[in-house]
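Student: Before anything else, here's the structure in question.
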Amino acid sequence: MKIEAQNLTYSVRGKTLLSDVSFVVEPGETLALVGPNGSGKSTLMRLLAGLARPVSGKVVIAGHPVSHLSRRQIAQRIAIVEQQADTAERVTARSVVELGRTPWLSALRPWRAEDTWQVDKALQTVEMADMAHREWATLSGGERQRLHIARALAQQPGLLLLDEPTNHLDIHHQLSILNCVRILKVTTVMALHDLNQAMACDRVAVLSKGRLVSLGPPEQALSLETVSEVFGVKAQWGFSAGGTERFLSYHLD
Amino acid sequence: MNEVAAIFRQGFKAACLTVPLLIAAVLAGAMIGETSLSPDLVLSVLANKLAGADLPVDPIDQGIIWSYRLPRALVAASCGAGLAVAGVVLQALLRNPLADPYILGISAGASTGAVAVTIAGLGGGVLSLSFGAFNGALLAFGFVALLARAAGAGGGRAATAQIVLAGIAGSQLFNALTAFVIAKSANADQARGIMFWLMGNLSGVRWPDVYLAVPVALAGWLICRFHARALDAFIFGSDSAASLGVPVRRVQATLIFATALTTAVMVSIVGSIGFVGLVIPHAARFLVGSGHRRLIPTAALIGAVFLIGADIVSRIIIPGQVLPIGVVTALIGAPAFAVILVRGQRSAR
């Protein structure tokens with residue numbers, strides 16, 4: 001699904017967290033959202049997901065303003081994986097993923113074989129099918145994160161929002177989650193800290209102090225000047241040992 | 001239409017499991033007491049009263065069973081179920097394992113209302129203790145709800161903490177008011193009477209109480225059961241529930257209001273019986289897990305049976321004297337819960 005942010009502005013108790021942010025994400029595209037701590041990434045995610053209402057501006061999903069949709073209609077279109085969603089309840093991995101079917105169920109639309117199939121598929125996509133019976137408390141951070149993503153996939157969203165999906169994960173799980181997201185055909189917006197991970201996305205949006213300062217293909221959006229200005233580090237391009245893959249390296253100036 | 005049929009089939013299966021247990025518990029409540037009465041006798045009384053049969057039964061026995069023990073057992077079942085379900089719902093909504101039906105100031109408000117009527121003489125002796133307790137409970141709940149709202153608990157991450165804190169503030173305030181009234185005006189007998197009532201007392205229960213308690217418990221159960229999937233979605237917090245399509249504010253308001261009303265009715269009939277609303281939900285969770293579609297009926301069933309049992313014990317444990325039922329629920333419940341807690345921990349490892 002196509003998602004448009006139109007002049008989004010958001011403030012809390014007089015403090016502006018986001019001002020006049022506009023962009024369009026095309027169907028199937030993966031957009032990386034980068035920026036320093038406090039630049040407004042999570043706020044923007046919450047606005048896109050309809051979890052918070054912008055002070056001005058609007059979010060339009062597949063032609064419908066999000067503010068005109070019910071919570072249920074939004075959840076049938078947009079799934080979000082927020083940071084640090086944890087629980088002390090005794091639940092199995094599978095039942096967490098089953099939550100993703102909530103927006104499709106009602107008193108008169110009970111669980112069907114189709115729902116089981118969607119849950120199975122989501123578990124397979126994140127390679128957690130054989131862990132489905134495990135209890136939440138026994139799972140590692142990476143496994144929990146993958147289950148959250150599976151839960152989001154089980155919602156069958158047209159737009160997937162991931163807020164720092166690789167946070168707290170070891171490098172193997174970081175790469176496997178990014179890989180898993182990249183091969184999905186779902187439109188995806190994800191907040192990332194690692195600029196080199198953002199390089200692998202279709203486009204990159206750079207936020208700084210609540211403003212969108214740069215948007216475009218990775219190498220263009222993450223120009224050396226932008227990186228040093230926004231993040232306050234000195235950046236330069238390097239090449240991987242064996243060959244042609246470019247990466248950003250940075251150090252404090 | 002097959003799906004609707006499936007829903008009814010499921011409900012029927014669940015009813016087949018639970019209804020016989022409930023009936024057995026109520027019959028036990030009618031049989032056991034200072035004078036033990038046989039099951040035949042209980043069934044004969046039921047046949048006489050419900051089906052208009054004319055079986056020979058001693059009128060005293062009939063009086064004990066029909067006017068005294070049966071309403072008691074039915075109210076105990078309703079209270080146990082109502083409080084347990086309220087506990088399940090509040091623990092899920094507030095994401096707090098310590099939440100119980102009294103966390104919103106209801107028990108404190110009820111006691112203030114009760115002493116305002118019985119000791120301070122509000123209403124000039126016309127109003128009943130139950131009436132005072134019910135209104136006190138609603139007043140306290142209103143106070144807590146307004147305070148929570150003023151503190152910004154409309155939605156978002158901090159909301160549940162605000163509700164709990166507002167509940168604590170409300171409870172403290174109304175408990176202090178109760179203590180103030182007792183200290184100012186009560187004599188020793190009145191103070192003792194109020195203490196008895198506060199620990200829960202089913203002695204005065206008659207049929208009109210049944211006509212109130214049973215429908216309220218059923219309605220509360222239905223509302224909560226209807227929201228079972230929404231409650232499941234709260235497992236990762238209210239934001240997560242919202243992102244799963246749950247209209248968080250509406251669900252929170254509906255369920256908190258429903259549980260508050262149920263609890264207020266129960267408290268006004270039998271006093272504030274502790275422990276049931278806090279511990280039965282946990283016991284039920286250990287048995288059937290956190291899914292609310294099974295958890296709510298299970299908690300209701302355990303709560304009902306448990307409270308009937310506790311009432312029986314409270315009548316027979318000290319010959320010639322009735323113990324406050326809250327003492328029994330805690331004395332039996334706490335060790336039983338300790339066992340569940342320890343075993344649950346082991347099996348989780």
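Ligands are numbered from 1 in the order shown, residues from 1 within each chain, and chains are lettered A, B, ... in the order they appear in the structure tokens.
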So that I can check the surroundings of Gln83 (chain A), please list as a PDB file with N, CA and C atoms, in the first residue's frame every protein, DNA and RNA residue that reaches within 8 Å of it, counting only C-alpha atoms and ignoring chain neighbours fewer than 6 positions away.
Tutor:
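Result written to part_39.pdb:
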```pdb
ATOM      1  N   ASP A 163      10.016  -0.178  14.512  1.00  0.00           N
ATOM      2  CA  ASP A 163      10.797   0.817  15.238  1.00  0.00           C
ATOM      3  C   ASP A 163      12.046   0.157  15.800  1.00  0.00           C
ATOM      4  N   GLU A 164      13.160   0.426  15.176  1.00  0.00           N
ATOM      5  CA  GLU A 164      14.449  -0.163  15.543  1.00  0.00           C
ATOM      6  C   GLU A 164      14.351  -1.673  15.770  1.00  0.00           C
ATOM      7  N   PRO A 165      14.046  -2.401  14.703  1.00  0.00           N
ATOM      8  CA  PRO A 165      13.835  -3.845  14.847  1.00  0.00           C
ATOM      9  C   PRO A 165      15.110  -4.601  15.209  1.00  0.00           C
ATOM     10  N   ASN A 167      17.413  -3.533  17.363  1.00  0.00           N
ATOM     11  CA  ASN A 167      17.908  -3.137  18.675  1.00  0.00           C
ATOM     12  C   ASN A 167      18.139  -4.337  19.586  1.00  0.00           C
TER      13      ASN A 167
END
```
Student: As a PyMOL selection string, please: every residue in region 111-328 of chain B that a backbone DSSP assignment puts in helix (DSSP H, G or I).
Tutor: chain B and resi 111-118+122-125+129-150+159-185+188-198+207-226+228-236+238-243+248-270+276-288+292-316+325-328
Student: Which residues, written as a list in words, have at least one atom at most 10 Å from Leu22 (chain B), with only C-alpha atoms counted and residues fewer than 6 positions away on the same chain left out?
Tutor: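 My reading of the contact set: Ala28, Leu74, Ala77, Leu301, Ile302, Ala304, Val305 and Ile308 of chain B.
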Student: Produce a file of the selected residues containing all heavy atoms, as a short mmCIF file (atom, residue, chain, number, x, y, z; two decimals), in the first residue's frame.
Tutor:
```cif
data_model
loop_
_atom_site.label_atom_id
_atom_site.label_comp_id
_atom_site.auth_asym_id
_atom_site.auth_seq_id
_atom_site.Cartn_x
_atom_site.Cartn_y
_atom_site.Cartn_z
N ALA B 28 -24.27 -28.69 47.69
CA ALA B 28 -23.44 -28.91 48.87
C ALA B 28 -23.66 -27.77 49.86
O ALA B 28 -23.77 -28.00 51.07
CB ALA B 28 -21.97 -28.99 48.47
N LEU B 74 -26.28 -19.31 46.47
CA LEU B 74 -26.38 -18.65 45.16
C LEU B 74 -25.68 -17.29 45.16
O LEU B 74 -24.99 -16.93 44.21
CB LEU B 74 -27.85 -18.49 44.76
CG LEU B 74 -28.54 -19.80 44.39
CD1 LEU B 74 -30.05 -19.60 44.25
CD2 LEU B 74 -27.94 -20.34 43.09
N ALA B 77 -21.97 -17.86 45.16
CA ALA B 77 -21.51 -18.20 43.82
C ALA B 77 -21.41 -16.96 42.94
O ALA B 77 -20.40 -16.75 42.25
CB ALA B 77 -22.45 -19.22 43.18
N LEU B 301 -15.87 -19.82 37.35
CA LEU B 301 -16.25 -21.11 37.95
C LEU B 301 -15.49 -21.33 39.27
O LEU B 301 -16.09 -21.67 40.29
CB LEU B 301 -15.94 -22.24 36.97
CG LEU B 301 -16.24 -23.64 37.48
CD1 LEU B 301 -17.74 -23.81 37.69
CD2 LEU B 301 -15.72 -24.70 36.54
N ILE B 302 -14.17 -21.15 39.23
CA ILE B 302 -13.39 -21.37 40.45
C ILE B 302 -13.84 -20.41 41.55
O ILE B 302 -14.02 -20.79 42.70
CB ILE B 302 -11.88 -21.16 40.19
CG1 ILE B 302 -11.40 -22.14 39.13
CG2 ILE B 302 -11.08 -21.38 41.46
CD1 ILE B 302 -9.94 -21.98 38.81
N ALA B 304 -16.75 -19.01 41.98
CA ALA B 304 -18.07 -19.39 42.51
C ALA B 304 -17.95 -20.57 43.46
O ALA B 304 -18.44 -20.53 44.59
CB ALA B 304 -19.00 -19.71 41.34
N VAL B 305 -17.27 -21.62 42.99
CA VAL B 305 -17.15 -22.83 43.82
C VAL B 305 -16.35 -22.53 45.09
O VAL B 305 -16.71 -22.95 46.19
CB VAL B 305 -16.49 -23.97 43.01
CG1 VAL B 305 -16.21 -25.15 43.89
CG2 VAL B 305 -17.39 -24.36 41.85
N ILE B 308 -18.52 -20.59 47.63
CA ILE B 308 -19.51 -21.45 48.27
C ILE B 308 -18.81 -22.31 49.34
O ILE B 308 -19.28 -22.44 50.47
CB ILE B 308 -20.22 -22.36 47.24
CG1 ILE B 308 -21.08 -21.51 46.30
CG2 ILE B 308 -21.10 -23.38 47.96
CD1 ILE B 308 -21.73 -22.32 45.19
#
```
Student: Write out as a Markdown table a residue-level contact list of chain A versus chain B with cut-off 6 Å: for each qualifying residue the closest pair of atoms and the distance in Å to one decimal, counting only C-alpha atoms, rows sorted by chain and residue number upward.
Tutor:
```
| residue | atom | partner | partner_atom | distance |
| --- | --- | --- | --- | --- |
| A:Arg71 | CA | B:Gly245 | CA | 4.5 |
| A:Arg72 | CA | B:Gly245 | CA | 3.8 |
| A:Ala75 | CA | B:Gly245 | CA | 4.7 |
| A:Ala85 | CA | B:Phe236 | CA | 5.8 |
| A:Asp86 | CA | B:Phe236 | CA | 5.8 |
| A:Thr87 | CA | B:Phe236 | CA | 5.6 |
| A:Pro103 | CA | B:Gly245 | CA | 5.2 |
```
Student: Can you spit out the residues from that selection as a PDB file, in the first residue's frame, using N, CA and C atoms?
Tutor:
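Final file, again-v2.pdb:
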```pdb
ATOM      1  N   ARG A  71     -10.083   2.084  14.472  1.00  0.00           N
ATOM      2  CA  ARG A  71      -8.871   1.384  14.935  1.00  0.00           C
ATOM      3  C   ARG A  71      -8.738   0.039  14.218  1.00  0.00           C
ATOM      4  N   ARG A  72      -9.867  -0.626  14.069  1.00  0.00           N
ATOM      5  CA  ARG A  72      -9.860  -1.931  13.436  1.00  0.00           C
ATOM      6  C   ARG A  72      -9.457  -1.838  11.961  1.00  0.00           C
ATOM      7  N   ALA A  75      -5.805  -1.257  11.768  1.00  0.00           N
ATOM      8  CA  ALA A  75      -5.028  -2.457  12.089  1.00  0.00           C
ATOM      9  C   ALA A  75      -5.081  -3.491  10.967  1.00  0.00           C
ATOM     10  N   ALA A  85       8.505  -4.189  23.525  1.00  0.00           N
ATOM     11  CA  ALA A  85       7.191  -4.671  23.926  1.00  0.00           C
ATOM     12  C   ALA A  85       7.382  -6.011  24.619  1.00  0.00           C
ATOM     13  N   ASP A  86       7.150  -6.030  25.918  1.00  0.00           N
ATOM     14  CA  ASP A  86       7.430  -7.233  26.694  1.00  0.00           C
ATOM     15  C   ASP A  86       6.224  -7.577  27.555  1.00  0.00           C
ATOM     16  N   THR A  87       6.197  -8.786  28.055  1.00  0.00           N
ATOM     17  CA  THR A  87       5.095  -9.179  28.932  1.00  0.00           C
ATOM     18  C   THR A  87       5.594 -10.147  29.985  1.00  0.00           C
ATOM     19  N   PRO A 103      -7.421  -8.038  14.499  1.00  0.00           N
ATOM     20  CA  PRO A 103      -8.262  -7.115  13.725  1.00  0.00           C
ATOM     21  C   PRO A 103      -9.183  -7.797  12.725  1.00  0.00           C
TER      22      PRO A 103
END
```
Student: Work out how far CA of Gly52 (chain B) is from CA of Leu21 (chain B), in Å to one decimal.
Tutor: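 Interatomic distance, CA of Leu21 (chain B) to CA of Gly52 (chain B): 25.2 Å.
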Student: Tell me which protein, DNA and RNA residues are within 7 Å of Pro324 (chain B), counting only C-alpha atoms, leaving out same-chain ones fewer than 5 positions away, and put them as a list in words.
Tutor: Phe196, Met199, Gly200, Asn201 and Ser314 of chain B
Student: How about saving the chosen residues, N, CA, C and O atoms kept, as a CSV table (one decimal), in the first residue's frame?
Tutor:
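And here is the file that came out, again-v4.csv:
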```csv
chain,number,residue,atom,x,y,z
B,196,PHE,N,-16.9,-6.8,61.3
B,196,PHE,CA,-17.5,-8.1,60.7
B,196,PHE,C,-17.9,-7.9,59.3
B,196,PHE,O,-17.7,-8.7,58.4
B,199,MET,N,-15.2,-7.7,56.7
B,199,MET,CA,-14.5,-8.9,56.4
B,199,MET,C,-15.4,-9.8,55.5
B,199,MET,O,-15.0,-10.9,55.2
B,200,GLY,N,-16.6,-9.4,55.3
B,200,GLY,CA,-17.5,-10.2,54.5
B,200,GLY,C,-18.5,-11.0,55.3
B,200,GLY,O,-18.0,-11.7,56.2
B,201,ASN,N,-19.8,-10.9,55.0
B,201,ASN,CA,-20.7,-11.6,55.8
B,201,ASN,C,-21.9,-12.0,55.0
B,201,ASN,O,-22.6,-11.1,54.4
B,314,SER,N,-17.0,-21.3,56.8
B,314,SER,CA,-17.2,-20.3,57.8
B,314,SER,C,-18.4,-20.6,58.7
B,314,SER,O,-18.5,-20.1,59.8
```
Student: Near Thr166 (chain A), counting only C-alpha atoms, which residues have an atom at most 8 Å away, once you skip same-chain residues fewer than 6 positions from it, shown as a ChimeraX atom specification?
Tutor: /A:173-174,177-178,192
Student: Neighbouring residues of region 11-18 of chain B were defined as those with any atom within 10 Å, considering only C-alpha atoms; residues of the same chain fewer than 6 positions away were excluded. Please report them as a ChimeraX atom specification.
Tutor: /B:5,294,297-298,300-302
Student: For a test of reading the model, state the distance in Å between CA of Ala159 (chain B) and CA of Val251 (chain B), rounded to one decimal.
Tutor: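 Value for the CA of Ala159 (chain B)-CA of Val251 (chain B) distance: 13.8 Å.
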Student: Rounded to one decimal place, report the CA of Gly142 (chain A)-CA of Arg46 (chain A) distance in Å.
Tutor: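 CA of Arg46 (chain A) lies 22.6 Å from CA of Gly142 (chain A).
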Student: Which polymer residues have any atom within 12 Å of an atom of His282 (chain B), counting only C-alpha atoms, with same-chain residues fewer than 5 positions away left out, as an NGL selection string?
Tutor: (:A and (89-90)) or (:B and (84-85 or 87-89 or 91-92 or 96-100 or 275-277 or 287-290 or 295-296 or 298-299 or 302-303 or 333-334 or 336-338 or 340-341 or 344))
Student: Given only C-alpha atoms as the basis, pick out the residue of A:Leu47, A:Ala198, A:Val119, A:Leu184 nearest to His148 (chain A).
Tutor: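 That would be A:Val119, the residue with the smallest distance to His148 (chain A).
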Student: Could you tell me, as a PDB file with C-alpha atoms, in the first residue's frame, which residues of region 109-237 of chain A DSSP assigns to strand (DSSP E or B) when given the backbone?
Tutor:
```
ATOM      1  CA  ARG A 109     -16.156 -14.031  12.755  1.00  0.00           C
ATOM      2  CA  GLU A 135       6.954 -20.014  26.420  1.00  0.00           C
ATOM      3  CA  LEU A 159       2.238  -1.277   5.555  1.00  0.00           C
ATOM      4  CA  LEU A 160       4.714  -2.586   8.093  1.00  0.00           C
ATOM      5  CA  LEU A 161       6.240  -0.155  10.593  1.00  0.00           C
ATOM      6  CA  LEU A 162       9.309  -1.325  12.501  1.00  0.00           C
ATOM      7  CA  ASP A 163      10.797   0.817  15.238  1.00  0.00           C
ATOM      8  CA  THR A 187       5.601  -1.631   2.072  1.00  0.00           C
ATOM      9  CA  THR A 188       7.909  -1.080   5.022  1.00  0.00           C
ATOM     10  CA  VAL A 189       9.073   1.915   7.007  1.00  0.00           C
ATOM     11  CA  MET A 190      11.702   1.148   9.610  1.00  0.00           C
ATOM     12  CA  ALA A 191      13.612   3.269  12.055  1.00  0.00           C
ATOM     13  CA  ARG A 203      15.307   4.890   0.191  1.00  0.00           C
ATOM     14  CA  VAL A 204      16.444   6.677   3.313  1.00  0.00           C
ATOM     15  CA  ALA A 205      14.821   9.547   5.201  1.00  0.00           C
ATOM     16  CA  VAL A 206      16.997  11.510   7.601  1.00  0.00           C
ATOM     17  CA  LEU A 207      15.338  13.225  10.552  1.00  0.00           C
ATOM     18  CA  SER A 208      16.988  15.865  12.657  1.00  0.00           C
ATOM     19  CA  ARG A 211      12.503  17.908  10.654  1.00  0.00           C
ATOM     20  CA  LEU A 212      13.011  15.856   7.539  1.00  0.00           C
ATOM     21  CA  VAL A 213      16.413  17.033   6.318  1.00  0.00           C
ATOM     22  CA  SER A 214      17.092  14.572   3.558  1.00  0.00           C
ATOM     23  CA  LEU A 215      15.187  11.948   1.573  1.00  0.00           C
ATOM     24  CA  GLY A 216      16.263   9.823  -1.351  1.00  0.00           C
ATOM     25  CA  LYS A 234      33.136  12.698  10.703  1.00  0.00           C
ATOM     26  CA  ALA A 235      32.096  10.211   8.015  1.00  0.00           C
ATOM     27  CA  GLN A 236      33.829   8.688   5.051  1.00  0.00           C
ATOM     28  CA  TRP A 237      33.196   5.954   2.517  1.00  0.00           C
TER      29      TRP A 237
END
```
Student: Which is closest to Leu8 (chain A) among A:Leu33, A:Ala129, A:Val60, A:Val230, if we use only C-alpha atoms?
Tutor: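 Going through A:Leu33, A:Ala129, A:Val60, A:Val230 one by one, the smallest distance to Leu8 (chain A) is for A:Val60.
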